[in-house]
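Q: Next up, data-v4.cif (mmCIF, C-alpha atoms and all ligand atoms).
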```cif
data_coords
#
loop_
_atom_site.label_atom_id
_atom_site.label_comp_id
_atom_site.auth_asym_id
_atom_site.auth_seq_id
_atom_site.Cartn_x
_atom_site.Cartn_y
_atom_site.Cartn_z
CA MET A 1050 45.48 -10.82 -32.43
CA SER A 1051 45.87 -8.19 -35.10
CA SER A 1052 42.49 -8.84 -36.70
CA PRO A 1053 40.68 -5.62 -37.66
CA VAL A 1054 37.36 -7.35 -36.95
CA GLU A 1055 35.79 -6.37 -33.64
CA PRO A 1056 35.92 -9.23 -31.15
CA TYR A 1057 32.71 -11.18 -30.65
CA VAL A 1058 33.10 -11.07 -26.87
CA MET A 1059 34.93 -8.25 -25.14
CA PHE A 1060 35.62 -8.00 -21.39
CA ARG A 1061 37.08 -4.62 -20.45
CA ASN A 1062 38.53 -3.97 -17.03
CA VAL A 1063 36.02 -6.30 -15.39
CA ASP A 1064 36.12 -6.79 -11.63
CA LYS A 1065 33.98 -9.13 -9.60
CA SER A 1066 33.80 -9.14 -5.84
CA TYR A 1067 31.33 -11.23 -3.86
CA ASP A 1068 32.12 -9.67 -0.49
CA GLY A 1069 32.88 -6.08 -1.50
CA LYS A 1070 36.48 -6.52 -0.37
CA THR A 1071 38.48 -8.90 -2.57
CA ASN A 1072 38.22 -9.12 -6.33
CA VAL A 1073 37.93 -12.76 -7.41
CA VAL A 1074 38.10 -11.44 -10.98
CA ASP A 1075 40.41 -8.49 -11.17
CA GLY A 1076 40.77 -6.00 -14.02
CA LEU A 1077 39.94 -8.61 -16.64
CA ASP A 1078 40.49 -7.78 -20.32
CA LEU A 1079 39.54 -10.63 -22.62
CA ASP A 1080 38.60 -10.87 -26.30
CA ILE A 1081 37.00 -13.87 -27.93
CA ALA A 1082 36.80 -14.01 -31.71
CA LYS A 1083 33.76 -15.31 -33.54
CA GLY A 1084 34.11 -19.03 -34.16
CA GLU A 1085 36.94 -19.35 -31.69
CA PHE A 1086 37.38 -22.13 -29.12
CA LEU A 1087 38.76 -20.31 -26.11
CA THR A 1088 39.60 -22.10 -22.87
CA LEU A 1089 39.91 -20.61 -19.41
CA LEU A 1090 42.45 -22.74 -17.60
CA GLY A 1091 43.56 -22.36 -14.01
CA PRO A 1092 43.57 -23.87 -10.53
CA SER A 1093 40.45 -24.10 -8.41
CA GLY A 1094 39.32 -20.71 -7.11
CA SER A 1095 41.13 -18.68 -9.78
CA GLY A 1096 37.94 -17.06 -11.10
CA LYS A 1097 37.14 -19.14 -14.19
CA THR A 1098 33.54 -19.98 -13.30
CA THR A 1099 32.85 -16.43 -12.16
CA THR A 1100 34.09 -15.14 -15.53
CA LEU A 1101 31.86 -17.59 -17.41
CA MET A 1102 28.89 -16.77 -15.18
CA MET A 1103 29.27 -13.06 -15.91
CA LEU A 1104 29.20 -13.74 -19.63
CA ALA A 1105 26.19 -16.02 -19.15
CA GLY A 1106 24.40 -13.38 -17.11
CA PHE A 1107 24.12 -15.32 -13.85
CA GLU A 1108 26.51 -12.93 -12.14
CA ALA A 1109 26.89 -9.18 -12.63
CA PRO A 1110 30.33 -7.56 -12.80
CA SER A 1111 31.21 -5.24 -9.91
CA ALA A 1112 32.98 -2.96 -12.39
CA GLY A 1113 33.90 -2.82 -16.06
CA THR A 1114 32.03 -3.73 -19.23
CA ILE A 1115 31.22 -6.85 -21.19
CA GLN A 1116 30.25 -6.54 -24.84
CA PHE A 1117 28.81 -9.19 -27.08
CA ASP A 1118 28.67 -8.75 -30.83
CA GLY A 1119 29.39 -5.05 -30.48
CA LYS A 1120 26.82 -4.30 -27.76
CA PRO A 1121 27.01 -4.10 -23.96
CA ILE A 1122 25.20 -7.10 -22.48
CA THR A 1123 25.43 -6.47 -18.78
CA SER A 1124 21.75 -5.48 -18.62
CA VAL A 1125 20.54 -8.21 -20.99
CA PRO A 1126 18.84 -11.04 -19.03
CA THR A 1127 20.36 -14.50 -19.28
CA TYR A 1128 17.62 -16.08 -21.39
CA LYS A 1129 17.88 -13.32 -23.98
CA ARG A 1130 21.60 -13.81 -24.46
CA ASP A 1131 20.86 -17.01 -26.33
CA PHE A 1132 23.88 -18.99 -25.15
CA GLY A 1133 24.05 -22.75 -24.88
CA MET A 1134 25.42 -24.00 -21.57
CA VAL A 1135 26.92 -27.26 -20.35
CA PHE A 1136 27.99 -27.95 -16.78
CA GLN A 1137 29.60 -30.84 -14.99
CA ASN A 1138 26.33 -32.01 -13.44
CA TYR A 1139 24.29 -32.31 -16.58
CA ALA A 1140 21.02 -30.96 -15.15
CA LEU A 1141 18.80 -32.81 -17.62
CA PHE A 1142 15.11 -32.83 -16.76
CA PRO A 1143 14.69 -36.31 -15.22
CA HIS A 1144 10.98 -36.66 -16.03
CA MET A 1145 11.45 -35.88 -19.74
CA THR A 1146 12.79 -38.20 -22.41
CA VAL A 1147 16.00 -37.36 -24.25
CA ALA A 1148 13.98 -35.98 -27.18
CA GLU A 1149 11.81 -33.89 -24.84
CA ASN A 1150 14.92 -32.54 -23.12
CA LEU A 1151 16.18 -31.36 -26.48
CA ALA A 1152 12.79 -29.98 -27.50
CA PHE A 1153 12.59 -27.87 -24.34
CA PRO A 1154 14.83 -24.96 -25.38
CA LEU A 1155 13.07 -24.88 -28.75
CA ARG A 1156 9.61 -24.79 -27.14
CA MET A 1157 10.80 -21.96 -24.91
CA ARG A 1158 11.68 -20.08 -28.07
CA HIS A 1159 8.29 -20.78 -29.63
CA VAL A 1160 9.69 -22.77 -32.52
CA PRO A 1161 6.84 -24.40 -34.52
CA LYS A 1162 6.20 -28.04 -33.61
CA PRO A 1163 7.21 -29.71 -36.90
CA ASP A 1164 10.44 -27.74 -36.89
CA ILE A 1165 11.10 -28.88 -33.32
CA THR A 1166 10.70 -32.53 -34.29
CA ALA A 1167 13.06 -32.14 -37.24
CA LYS A 1168 15.65 -30.15 -35.32
CA VAL A 1169 15.67 -32.57 -32.38
CA ARG A 1170 16.16 -35.53 -34.71
CA LYS A 1171 18.94 -33.81 -36.60
CA THR A 1172 20.78 -32.79 -33.44
CA LEU A 1173 20.48 -36.27 -31.95
CA ASP A 1174 22.03 -37.61 -35.15
CA ILE A 1175 24.91 -35.15 -34.88
CA VAL A 1176 25.81 -36.54 -31.46
CA GLN A 1177 24.91 -40.10 -32.49
CA LEU A 1178 22.14 -40.50 -29.94
CA GLY A 1179 19.18 -41.06 -32.27
CA HIS A 1180 18.58 -44.52 -30.84
CA LEU A 1181 18.16 -43.14 -27.31
CA ALA A 1182 15.54 -40.50 -28.09
CA ASP A 1183 12.85 -42.14 -25.96
CA ARG A 1184 14.95 -42.92 -22.91
CA LYS A 1185 14.76 -40.97 -19.68
CA PRO A 1186 18.01 -39.49 -18.26
CA GLY A 1187 17.95 -42.10 -15.48
CA GLN A 1188 18.40 -44.82 -18.13
CA LEU A 1189 21.58 -43.27 -19.58
CA SER A 1190 25.23 -43.75 -18.71
CA GLY A 1191 27.21 -40.72 -17.55
CA GLY A 1192 28.78 -40.26 -20.96
CA GLN A 1193 25.44 -40.55 -22.78
CA ALA A 1194 23.80 -38.09 -20.39
CA GLN A 1195 26.57 -35.60 -20.96
CA ARG A 1196 26.17 -35.98 -24.71
CA VAL A 1197 22.48 -35.21 -24.36
CA ALA A 1198 23.44 -32.09 -22.39
CA LEU A 1199 25.81 -31.18 -25.21
CA ALA A 1200 23.07 -31.74 -27.79
CA ARG A 1201 20.65 -29.63 -25.76
CA SER A 1202 23.15 -26.78 -25.67
CA ILE A 1203 23.40 -26.60 -29.47
CA VAL A 1204 19.89 -27.61 -30.57
CA PHE A 1205 18.59 -24.02 -30.75
CA ASP A 1206 21.55 -22.70 -32.78
CA PRO A 1207 22.87 -20.58 -29.91
CA LYS A 1208 25.08 -17.59 -30.57
CA MET A 1209 27.74 -19.18 -28.43
CA VAL A 1210 28.25 -22.21 -26.17
CA LEU A 1211 29.65 -21.91 -22.63
CA MET A 1212 30.96 -25.04 -20.94
CA ASP A 1213 32.16 -25.25 -17.35
CA GLU A 1214 34.17 -28.41 -16.62
CA PRO A 1215 31.66 -30.44 -18.68
CA LEU A 1216 33.73 -33.62 -18.56
CA GLY A 1217 34.79 -33.42 -14.93
CA ALA A 1218 32.59 -36.30 -13.80
CA LEU A 1219 33.64 -38.75 -16.52
CA ASP A 1220 36.45 -41.30 -16.36
CA LYS A 1221 39.63 -40.73 -18.34
CA GLN A 1222 38.79 -42.75 -21.43
CA LEU A 1223 35.32 -41.29 -21.81
CA ARG A 1224 36.67 -37.83 -21.17
CA GLU A 1225 39.16 -38.16 -24.01
CA GLN A 1226 36.44 -39.46 -26.32
CA MET A 1227 34.18 -36.53 -25.43
CA GLN A 1228 37.02 -34.04 -25.94
CA LEU A 1229 37.27 -35.22 -29.53
CA GLU A 1230 33.49 -35.11 -29.87
CA ILE A 1231 33.29 -31.50 -28.66
CA LYS A 1232 36.15 -30.49 -30.96
CA ARG A 1233 34.35 -32.12 -33.88
CA LEU A 1234 31.14 -30.25 -33.04
CA HIS A 1235 33.02 -26.98 -32.80
CA HIS A 1236 34.53 -27.60 -36.18
CA GLU A 1237 31.36 -28.81 -37.91
CA LEU A 1238 29.01 -26.21 -36.48
CA ASP A 1239 31.52 -23.35 -36.66
CA ILE A 1240 30.32 -22.20 -33.27
CA THR A 1241 32.04 -19.91 -30.74
CA MET A 1242 32.94 -21.76 -27.56
CA LEU A 1243 34.10 -20.67 -24.13
CA TYR A 1244 35.38 -23.69 -22.24
CA VAL A 1245 36.45 -23.88 -18.61
CA THR A 1246 38.77 -26.54 -17.25
CA HIS A 1247 41.51 -27.05 -14.69
CA ASP A 1248 42.98 -29.86 -16.82
CA GLN A 1249 45.92 -28.58 -18.86
CA THR A 1250 46.01 -31.54 -21.25
CA GLU A 1251 42.36 -30.96 -22.07
CA ALA A 1252 43.10 -27.28 -22.70
CA LEU A 1253 46.09 -28.07 -24.91
CA THR A 1254 44.27 -30.64 -27.05
CA MET A 1255 41.00 -28.77 -27.55
CA SER A 1256 41.61 -25.02 -27.74
CA ASP A 1257 42.38 -22.44 -30.39
CA ARG A 1258 43.59 -20.24 -27.55
CA ILE A 1259 44.04 -20.70 -23.82
CA ALA A 1260 43.83 -18.05 -21.11
CA VAL A 1261 45.65 -19.15 -17.96
CA PHE A 1262 44.04 -17.76 -14.81
CA SER A 1263 45.51 -17.27 -11.37
CA ASP A 1264 44.00 -15.17 -8.59
CA GLY A 1265 41.38 -13.63 -10.85
CA LYS A 1266 43.89 -12.44 -13.41
CA ILE A 1267 44.96 -13.73 -16.81
CA GLN A 1268 48.60 -14.71 -16.51
CA GLN A 1269 49.00 -15.32 -20.23
CA ILE A 1270 46.80 -15.93 -23.25
CA GLY A 1271 47.83 -17.61 -26.49
CA THR A 1272 47.71 -20.68 -28.69
CA PRO A 1273 48.50 -24.05 -27.11
CA THR A 1274 51.93 -24.00 -28.78
CA GLN A 1275 52.73 -20.54 -27.41
CA MET A 1276 51.54 -21.45 -23.93
CA TYR A 1277 53.50 -24.68 -23.75
CA GLY A 1278 56.58 -23.61 -25.68
CA ALA A 1279 56.98 -19.99 -24.65
CA PRO A 1280 55.47 -19.46 -21.20
CA GLU A 1281 55.90 -15.87 -20.05
CA ASN A 1282 56.18 -16.54 -16.35
CA LYS A 1283 56.92 -19.24 -13.82
CA PHE A 1284 53.25 -19.85 -13.05
CA VAL A 1285 52.36 -20.60 -16.67
CA ALA A 1286 55.55 -22.60 -17.15
CA SER A 1287 54.69 -24.93 -14.30
CA PHE A 1288 50.92 -25.00 -14.79
CA MET A 1289 51.01 -25.84 -18.51
CA GLY A 1290 52.44 -29.33 -18.47
CA GLU A 1291 55.32 -30.71 -16.49
CA ASN A 1292 58.43 -28.68 -16.02
CA ASN A 1293 61.68 -28.95 -14.13
CA CYS A 1294 62.34 -25.90 -11.97
CA LEU A 1295 65.99 -25.55 -10.96
CA ASP A 1296 67.55 -22.94 -8.68
CA GLY A 1297 70.50 -21.03 -10.07
CA LYS A 1298 72.38 -17.78 -10.52
CA ILE A 1299 73.21 -15.86 -13.70
CA THR A 1300 76.94 -16.06 -14.43
CA LYS A 1301 77.17 -14.74 -17.99
CA LEU A 1302 75.09 -12.67 -20.41
CA GLY A 1303 75.21 -13.65 -24.08
CA ASP A 1304 73.60 -12.61 -27.37
CA LYS A 1305 69.94 -12.94 -28.27
CA GLY A 1306 68.77 -13.45 -24.70
CA LEU A 1307 71.14 -16.34 -24.01
CA VAL A 1308 72.41 -16.54 -20.45
CA SER A 1309 74.67 -18.90 -18.50
CA VAL A 1310 73.29 -20.16 -15.23
CA HIS A 1311 75.11 -21.84 -12.37
CA LEU A 1312 72.77 -24.59 -11.16
CA THR A 1313 72.86 -24.85 -7.38
CA GLU A 1314 71.80 -28.49 -7.12
CA PHE A 1315 74.29 -29.81 -9.67
CA GLY A 1316 77.16 -27.34 -9.27
CA VAL A 1317 77.47 -26.81 -13.03
CA GLU A 1318 76.91 -24.05 -15.55
CA MET A 1319 74.29 -24.47 -18.29
CA CYS A 1320 72.76 -22.17 -20.91
CA ALA A 1321 69.18 -20.95 -21.14
CA ILE A 1322 67.25 -18.06 -22.61
CA SER A 1323 65.84 -15.07 -20.82
CA THR A 1324 63.04 -12.94 -22.21
CA ARG A 1325 63.76 -10.22 -19.61
CA GLU A 1326 66.85 -8.17 -18.87
CA ARG A 1327 69.09 -9.95 -16.33
CA HIS A 1328 72.27 -9.08 -14.47
CA ILE A 1329 75.20 -11.20 -13.44
CA GLY A 1330 74.54 -12.61 -9.98
CA ASP A 1331 70.72 -12.53 -10.32
CA PRO A 1332 69.11 -15.54 -8.66
CA VAL A 1333 66.78 -17.32 -11.13
CA LYS A 1334 64.65 -20.39 -11.64
CA LEU A 1335 65.64 -22.31 -14.75
CA MET A 1336 62.72 -24.21 -16.28
CA VAL A 1337 63.24 -27.03 -18.75
CA ARG A 1338 60.69 -29.64 -19.90
CA PRO A 1339 61.45 -33.26 -18.99
CA GLU A 1340 61.22 -34.26 -22.64
CA ARG A 1341 63.86 -31.68 -23.57
CA VAL A 1342 66.47 -33.02 -21.14
CA ARG A 1343 68.61 -35.41 -23.18
CA LEU A 1344 70.96 -38.18 -22.22
CA VAL A 1345 74.19 -37.71 -24.15
CA GLU A 1346 77.59 -39.40 -24.59
CA GLU A 1347 80.40 -38.79 -22.16
CA GLY A 1348 82.55 -35.89 -23.40
CA SER A 1349 79.68 -34.07 -25.17
CA ALA A 1350 79.78 -30.29 -25.04
CA ASP A 1351 77.32 -28.39 -22.85
CA ALA A 1352 76.53 -31.44 -20.76
CA PHE A 1353 76.96 -32.34 -17.12
CA PRO A 1354 77.09 -35.54 -15.09
CA ALA A 1355 74.17 -36.35 -12.83
CA LYS A 1356 73.42 -39.29 -10.58
CA VAL A 1357 70.14 -41.20 -11.04
CA THR A 1358 68.24 -41.09 -7.74
CA ASP A 1359 65.07 -42.81 -8.90
CA THR A 1360 63.50 -44.52 -11.92
CA ILE A 1361 59.74 -44.55 -12.47
CA TYR A 1362 58.05 -46.87 -14.96
CA TYR A 1363 55.14 -45.34 -16.94
CA GLY A 1364 54.50 -48.07 -19.49
CA ASP A 1365 55.24 -46.08 -22.62
CA HIS A 1366 58.32 -44.44 -21.09
CA VAL A 1367 60.54 -44.36 -18.03
CA ARG A 1368 61.34 -41.27 -16.00
CA LEU A 1369 64.76 -40.83 -14.54
CA VAL A 1370 65.03 -38.56 -11.51
CA PHE A 1371 68.25 -36.75 -10.60
CA GLY A 1372 69.21 -34.74 -7.54
CA ALA A 1373 68.89 -35.48 -3.85
CA ASN A 1374 66.38 -32.77 -3.03
CA PRO A 1375 62.85 -33.64 -4.27
CA GLU A 1376 61.96 -29.93 -4.39
CA SER A 1377 64.57 -29.20 -7.00
CA ALA A 1378 64.91 -32.63 -8.60
CA LEU A 1379 65.40 -32.91 -12.32
CA THR A 1380 63.36 -35.39 -14.34
CA THR A 1381 63.83 -36.68 -17.83
CA ARG A 1382 61.84 -39.12 -19.93
CA VAL A 1383 63.34 -41.93 -21.91
CA ALA A 1384 61.64 -44.47 -24.14
CA HIS A 1385 62.13 -47.69 -22.21
CA GLU A 1386 62.59 -49.96 -25.20
CA THR A 1387 65.76 -48.16 -26.16
CA GLN A 1388 67.51 -46.98 -23.06
CA GLY A 1389 65.26 -46.47 -20.05
CA GLY A 1390 65.45 -49.99 -18.74
CA GLN A 1391 69.17 -50.00 -18.41
CA TRP A 1392 69.54 -47.32 -15.72
CA VAL A 1393 69.31 -47.93 -12.00
CA PRO A 1394 69.59 -45.53 -9.05
CA GLY A 1395 73.23 -44.74 -8.39
CA ASP A 1396 74.24 -44.67 -12.07
CA THR A 1397 75.78 -41.49 -13.37
CA VAL A 1398 74.73 -40.21 -16.82
CA MET A 1399 75.48 -37.12 -18.90
CA LEU A 1400 72.59 -34.66 -19.32
CA SER A 1401 72.18 -31.85 -21.80
CA TRP A 1402 69.58 -29.57 -23.37
CA ASP A 1403 69.26 -27.17 -26.23
CA PRO A 1404 69.74 -23.71 -24.64
CA ARG A 1405 66.55 -22.59 -26.41
CA ALA A 1406 64.59 -25.26 -24.54
CA ALA A 1407 65.42 -23.77 -21.14
CA ILE A 1408 63.96 -20.50 -19.89
CA VAL A 1409 64.90 -18.50 -16.81
CA PHE A 1410 62.39 -16.69 -14.60
CA ARG A 1411 62.52 -14.65 -11.45
CA PRO A 1412 62.57 -16.99 -8.43
P1 LIG A 1501 37.13 -21.38 -10.35
O1 LIG A 1501 35.98 -21.66 -11.25
O2 LIG A 1501 38.38 -20.97 -11.07
O3 LIG A 1501 37.41 -22.52 -9.40
P2 LIG A 1501 35.40 -19.45 -9.06
O4 LIG A 1501 35.10 -18.39 -10.03
O5 LIG A 1501 34.36 -20.48 -8.81
O6 LIG A 1501 36.80 -20.11 -9.42
O7 LIG A 1501 35.72 -18.80 -7.65
C1 LIG A 1501 36.62 -17.73 -7.49
C2 LIG A 1501 36.57 -17.27 -6.03
O8 LIG A 1501 35.29 -16.72 -5.76
C3 LIG A 1501 36.77 -18.39 -5.04
O9 LIG A 1501 37.53 -17.89 -3.98
C4 LIG A 1501 35.36 -18.72 -4.58
O10 LIG A 1501 35.37 -19.21 -3.28
C5 LIG A 1501 34.67 -17.39 -4.69
N1 LIG A 1501 33.24 -17.54 -5.03
C6 LIG A 1501 32.74 -18.15 -6.12
N2 LIG A 1501 31.39 -18.06 -6.17
C7 LIG A 1501 31.03 -17.38 -5.06
C8 LIG A 1501 29.77 -16.96 -4.51
N3 LIG A 1501 28.61 -17.23 -5.15
N4 LIG A 1501 29.79 -16.28 -3.35
C9 LIG A 1501 30.94 -15.99 -2.72
N5 LIG A 1501 32.17 -16.34 -3.17
C10 LIG A 1501 32.22 -17.04 -4.32
MG MG A 1502 34.86 -23.41 -11.44
#
```
Please express what this file holds, its structure, as structure tokens.

A:
Amino acid sequence: MSSPVEPYVMFRNVDKSYDGKTNVVDGLDLDIAKGEFLTLLGPSGSGKTTTLMMLAGFEAPSAGTIQFDGKPITSVPTYKRDFGMVFQNYALFPHMTVAENLAFPLRMRHVPKPDITAKVRKTLDIVQLGHLADRKPGQLSGGQAQRVALARSIVFDPKMVLMDEPLGALDKQLREQMQLEIKRLHHELDITMLYVTHDQTEALTMSDRIAVFSDGKIQQIGTPTQMYGAPENKFVASFMGENNCLDGKITKLGDKGLVSVHLTEFGVEMCAISTRERHIGDPVKLMVRPERVRLVEEGSADAFPAKVTDTIYYGDHVRLVFGANPESALTTRVAHETQGGQWVPGDTVMLSWDPRAAIVFRP
């Protein structure tokens, strides 16, 4: 980001090792802008929680610096950082009512009693839980309890909210509802949020920017559109949404990063783009999104015949699978009302893609 404003949160060259041998967070540089919704996305064990815990103050970095609002915070105790937190297991106080749970962080901060009452009521209204103020956590559904946890994390006007897989325990429908709810809160309260998830759809739908983690390192950081549409490496390309990954070899170098690739599985040559310098004969992986693989008329240019090996019904669409080897199979999606229903395994169809929709990476 080319903003001249100093980032709100700044990790610089941060390492974290629990055993003194391996870094589970390794040389991390990360900026978060004020008001931003930034998501850490990555597989289990990639260092997301550790990163969040270091910002929260529950873990200390082994090396490097973390600044918040222009000041180093490594020696500031957790409670003084004034961050709201939400975790997967909501950790509400079971013996307190919903209203008392919300009042707690305010009482800790010595907010005057009448102000507490007003603030709790207002916050419960924001998350539409006013009618449950007198219930105990044990009398709430999972979704309601998590909304209380959300309310409790914002009730004291924190400087920032940190959430670690907050929706992990909820079923799909509730999770999607809560995603919208959290986005709405972010928008309405204009609050800075650091969100951790391993769910790429969640990251795509909620975030201003996403940092993809693997092995304690950021593989790429950018807007959802950049991450999905222009992944910089194979890991990001396959982790952000579905992708076909086809073995091939470079056969021709063209203008503006265009290359021709001989696809091993299909024995044909197709175009793609390369963001790195390549040489003729280089082995590559060609990645193309299922939704970008098109079925075209016989005789179309830049197309090749492929035999349907499987059809999978998804309700709103059908996926056609091509290629004998499941490892390197090619999948496309078709809307079943129009064309999907008509194909059966054994049929041969013509496939094509816009060269700009396919990217080559090192194998
Ligand atoms: P994520 O949240 O992406 O799943 P974590 O930050 O929890 O990843 O974990 C990163 C690595 O650090 C993992 O290998 C995990 O086993 C290890 N780890 C996490 N917390 C501790 C801890 N308190 N003590 C020792 N190792 C830990
Ligand atoms: Mg985690």

Q: I'd like a table as a Markdown table: residues in chain A with an atom no more than 9 Å from ligand LIG 1501 (chain A), each row giving the shortest atom pair and its distance in Å to one decimal, all atoms listed in the file counted, sorted by chain and rising residue number.

A:
```
| residue | atom | partner | partner_atom | distance |
| --- | --- | --- | --- | --- |
| A:Lys1065 | CA | A:LIG1501 | O8 | 8.6 |
| A:Ser1066 | CA | A:LIG1501 | O8 | 7.7 |
| A:Tyr1067 | CA | A:LIG1501 | C9 | 4.9 |
| A:Asp1068 | CA | A:LIG1501 | C9 | 6.8 |
| A:Asn1072 | CA | A:LIG1501 | O8 | 8.2 |
| A:Val1073 | CA | A:LIG1501 | C2 | 4.9 |
| A:Val1074 | CA | A:LIG1501 | C1 | 7.3 |
| A:Leu1089 | CA | A:LIG1501 | O2 | 8.5 |
| A:Leu1090 | CA | A:LIG1501 | O2 | 7.9 |
| A:Gly1091 | CA | A:LIG1501 | O2 | 6.1 |
| A:Pro1092 | CA | A:LIG1501 | O2 | 6.0 |
| A:Ser1093 | CA | A:LIG1501 | O3 | 3.6 |
| A:Gly1094 | CA | A:LIG1501 | O6 | 3.5 |
| A:Ser1095 | CA | A:LIG1501 | O2 | 3.8 |
| A:Gly1096 | CA | A:LIG1501 | O4 | 3.3 |
| A:Lys1097 | CA | A:LIG1501 | O2 | 3.8 |
| A:Thr1098 | CA | A:LIG1501 | O1 | 3.6 |
| A:Thr1099 | CA | A:LIG1501 | O4 | 3.7 |
| A:Thr1100 | CA | A:LIG1501 | O4 | 6.5 |
| A:Leu1101 | CA | A:LIG1501 | O4 | 8.1 |
| A:Met1102 | CA | A:LIG1501 | O4 | 8.2 |
| A:Glu1108 | CA | A:LIG1501 | N3 | 8.5 |
| A:Asp1213 | CA | A:LIG1501 | O1 | 8.0 |
| A:Glu1214 | CA | A:LIG1501 | O1 | 8.8 |
| A:Val1245 | CA | A:LIG1501 | O1 | 7.7 |
| A:Thr1246 | CA | A:LIG1501 | O1 | 8.2 |
| A:His1247 | CA | A:LIG1501 | O2 | 7.7 |
| A:Phe1262 | CA | A:LIG1501 | O2 | 7.5 |
| A:Ser1263 | CA | A:LIG1501 | O2 | 8.0 |
| A:Asp1264 | CA | A:LIG1501 | C1 | 7.9 |
| A:Gly1265 | CA | A:LIG1501 | C1 | 7.1 |
```

Q: Compare A:Asp1164, A:Asp1075, A:Asp1220, A:Asp1248 by their minimum atom-to-atom distance to ligand MG 1502 (chain A), counting all atoms listed in the file, and give me the closest one.

A: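 Using all atoms listed in the file, ligand MG 1502 (chain A) sits closest to A:Asp1248.
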
Q: Would you mind telling me which residue in A:Glu1347, A:Phe1284, A:Val1409, A:Thr1381 lies nearest to A:Arg1325 when using all atoms listed in the file?

A: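 The answer is A:Val1409, which sits nearest to A:Arg1325.
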
Q: Can you tell me, as a PyMOL selection string, what residues are no more than 12 Å from A:Leu1238 when counting all atoms listed in the file, ignoring any on the same chain fewer than 3 positions away?

A: chain A and resi 1084-1086+1172+1175-1176+1200+1203-1204+1206-1210+1230-1235+1241-1242

Q: Would you please work out which residue, of A:Asp1064, A:Gly1217, A:Glu1346, A:Val1310, is nearest to ligand MG 1502 (chain A) when using all atoms listed in the file?

A: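 Under the stated criterion, the closest residue is A:Gly1217.
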
Q: Hey, can you check how far atom CA of A:Gly1297 sits from atom CA of A:Ile1361?

A: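 Distance between the two atoms: 26.0 Å.
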
Q: Of the residues A:Arg1224, A:Arg1343, A:Lys1283, A:Arg1327, which is the one nearest to A:Pro1412, using only C-alpha atoms?

A: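 Closest to A:Pro1412 of all the choices is A:Lys1283.
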
Q: Have a look at A:Asn1292, A:Asn1138, A:Thr1166, A:Asn1150 and name the one nearest to A:Pro1186; count all atoms listed in the file.

A: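 So, comparing all the options, the nearest one is A:Asn1150.
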
Q: Quick one: everything within 8 Å of stretch 1122-1125 of chain A, counting only C-alpha atoms, minus sequence neighbours fewer than 5 positions away in the same chain. Send it as a list of chain:residue names.

A: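 Skipping anything fewer than 5 positions along the chain leaves A:Gly1106, A:Ala1109, A:Pro1110, A:Thr1114, A:Ile1115, A:Gln1116, A:Phe1117, A:Arg1130.
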
Q: Can you tell me, as JSON, numbers by chain, what residues are no more than 8 Å from A:Gly1076 when counting all atoms listed in the file, ignoring any on the same chain fewer than 4 positions away?

A: {"A": [1061, 1062, 1063, 1064, 1113, 1266]}

Q: Please indicate the distance in Å from atom CA of A:Ala1373 to atom CA of A:Arg1405, rounded to one decimal place.

A: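 Between atom CA of A:Ala1373 and atom CA of A:Arg1405 the gap works out to 26.1 Å.
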
Q: Complete stretch 1148-1155 of chain A with N, CA, C and O atoms (output as a PDB file, keeping the file's coordinate frame).

A:
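Resulting contents of out04.pdb:
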```pdb
ATOM      1  N   ALA A1148      14.525 -36.849 -26.130  1.00  0.00           N
ATOM      2  CA  ALA A1148      13.980 -35.980 -27.180  1.00  0.00           C
ATOM      3  C   ALA A1148      13.264 -34.782 -26.579  1.00  0.00           C
ATOM      4  O   ALA A1148      13.399 -33.655 -27.070  1.00  0.00           O
ATOM      5  N   GLU A1149      12.519 -35.004 -25.483  1.00  0.00           N
ATOM      6  CA  GLU A1149      11.810 -33.890 -24.840  1.00  0.00           C
ATOM      7  C   GLU A1149      12.782 -32.902 -24.206  1.00  0.00           C
ATOM      8  O   GLU A1149      12.541 -31.696 -24.219  1.00  0.00           O
ATOM      9  N   ASN A1150      13.890 -33.425 -23.662  1.00  0.00           N
ATOM     10  CA  ASN A1150      14.920 -32.540 -23.120  1.00  0.00           C
ATOM     11  C   ASN A1150      15.467 -31.611 -24.188  1.00  0.00           C
ATOM     12  O   ASN A1150      15.704 -30.437 -23.940  1.00  0.00           O
ATOM     13  N   LEU A1151      15.657 -32.172 -25.383  1.00  0.00           N
ATOM     14  CA  LEU A1151      16.180 -31.360 -26.480  1.00  0.00           C
ATOM     15  C   LEU A1151      15.132 -30.387 -27.020  1.00  0.00           C
ATOM     16  O   LEU A1151      15.469 -29.290 -27.478  1.00  0.00           O
ATOM     17  N   ALA A1152      13.869 -30.829 -26.978  1.00  0.00           N
ATOM     18  CA  ALA A1152      12.790 -29.980 -27.500  1.00  0.00           C
ATOM     19  C   ALA A1152      12.564 -28.763 -26.610  1.00  0.00           C
ATOM     20  O   ALA A1152      12.127 -27.709 -27.069  1.00  0.00           O
ATOM     21  N   PHE A1153      12.899 -28.925 -25.315  1.00  0.00           N
ATOM     22  CA  PHE A1153      12.590 -27.870 -24.340  1.00  0.00           C
ATOM     23  C   PHE A1153      13.079 -26.475 -24.732  1.00  0.00           C
ATOM     24  O   PHE A1153      12.282 -25.539 -24.796  1.00  0.00           O
ATOM     25  N   PRO A1154      14.385 -26.319 -25.019  1.00  0.00           N
ATOM     26  CA  PRO A1154      14.830 -24.960 -25.380  1.00  0.00           C
ATOM     27  C   PRO A1154      14.173 -24.436 -26.653  1.00  0.00           C
ATOM     28  O   PRO A1154      14.046 -23.214 -26.817  1.00  0.00           O
ATOM     29  N   LEU A1155      13.735 -25.328 -27.518  1.00  0.00           N
ATOM     30  CA  LEU A1155      13.070 -24.880 -28.750  1.00  0.00           C
ATOM     31  C   LEU A1155      11.642 -24.426 -28.433  1.00  0.00           C
ATOM     32  O   LEU A1155      11.155 -23.431 -28.978  1.00  0.00           O
TER      33      LEU A1155
END
```
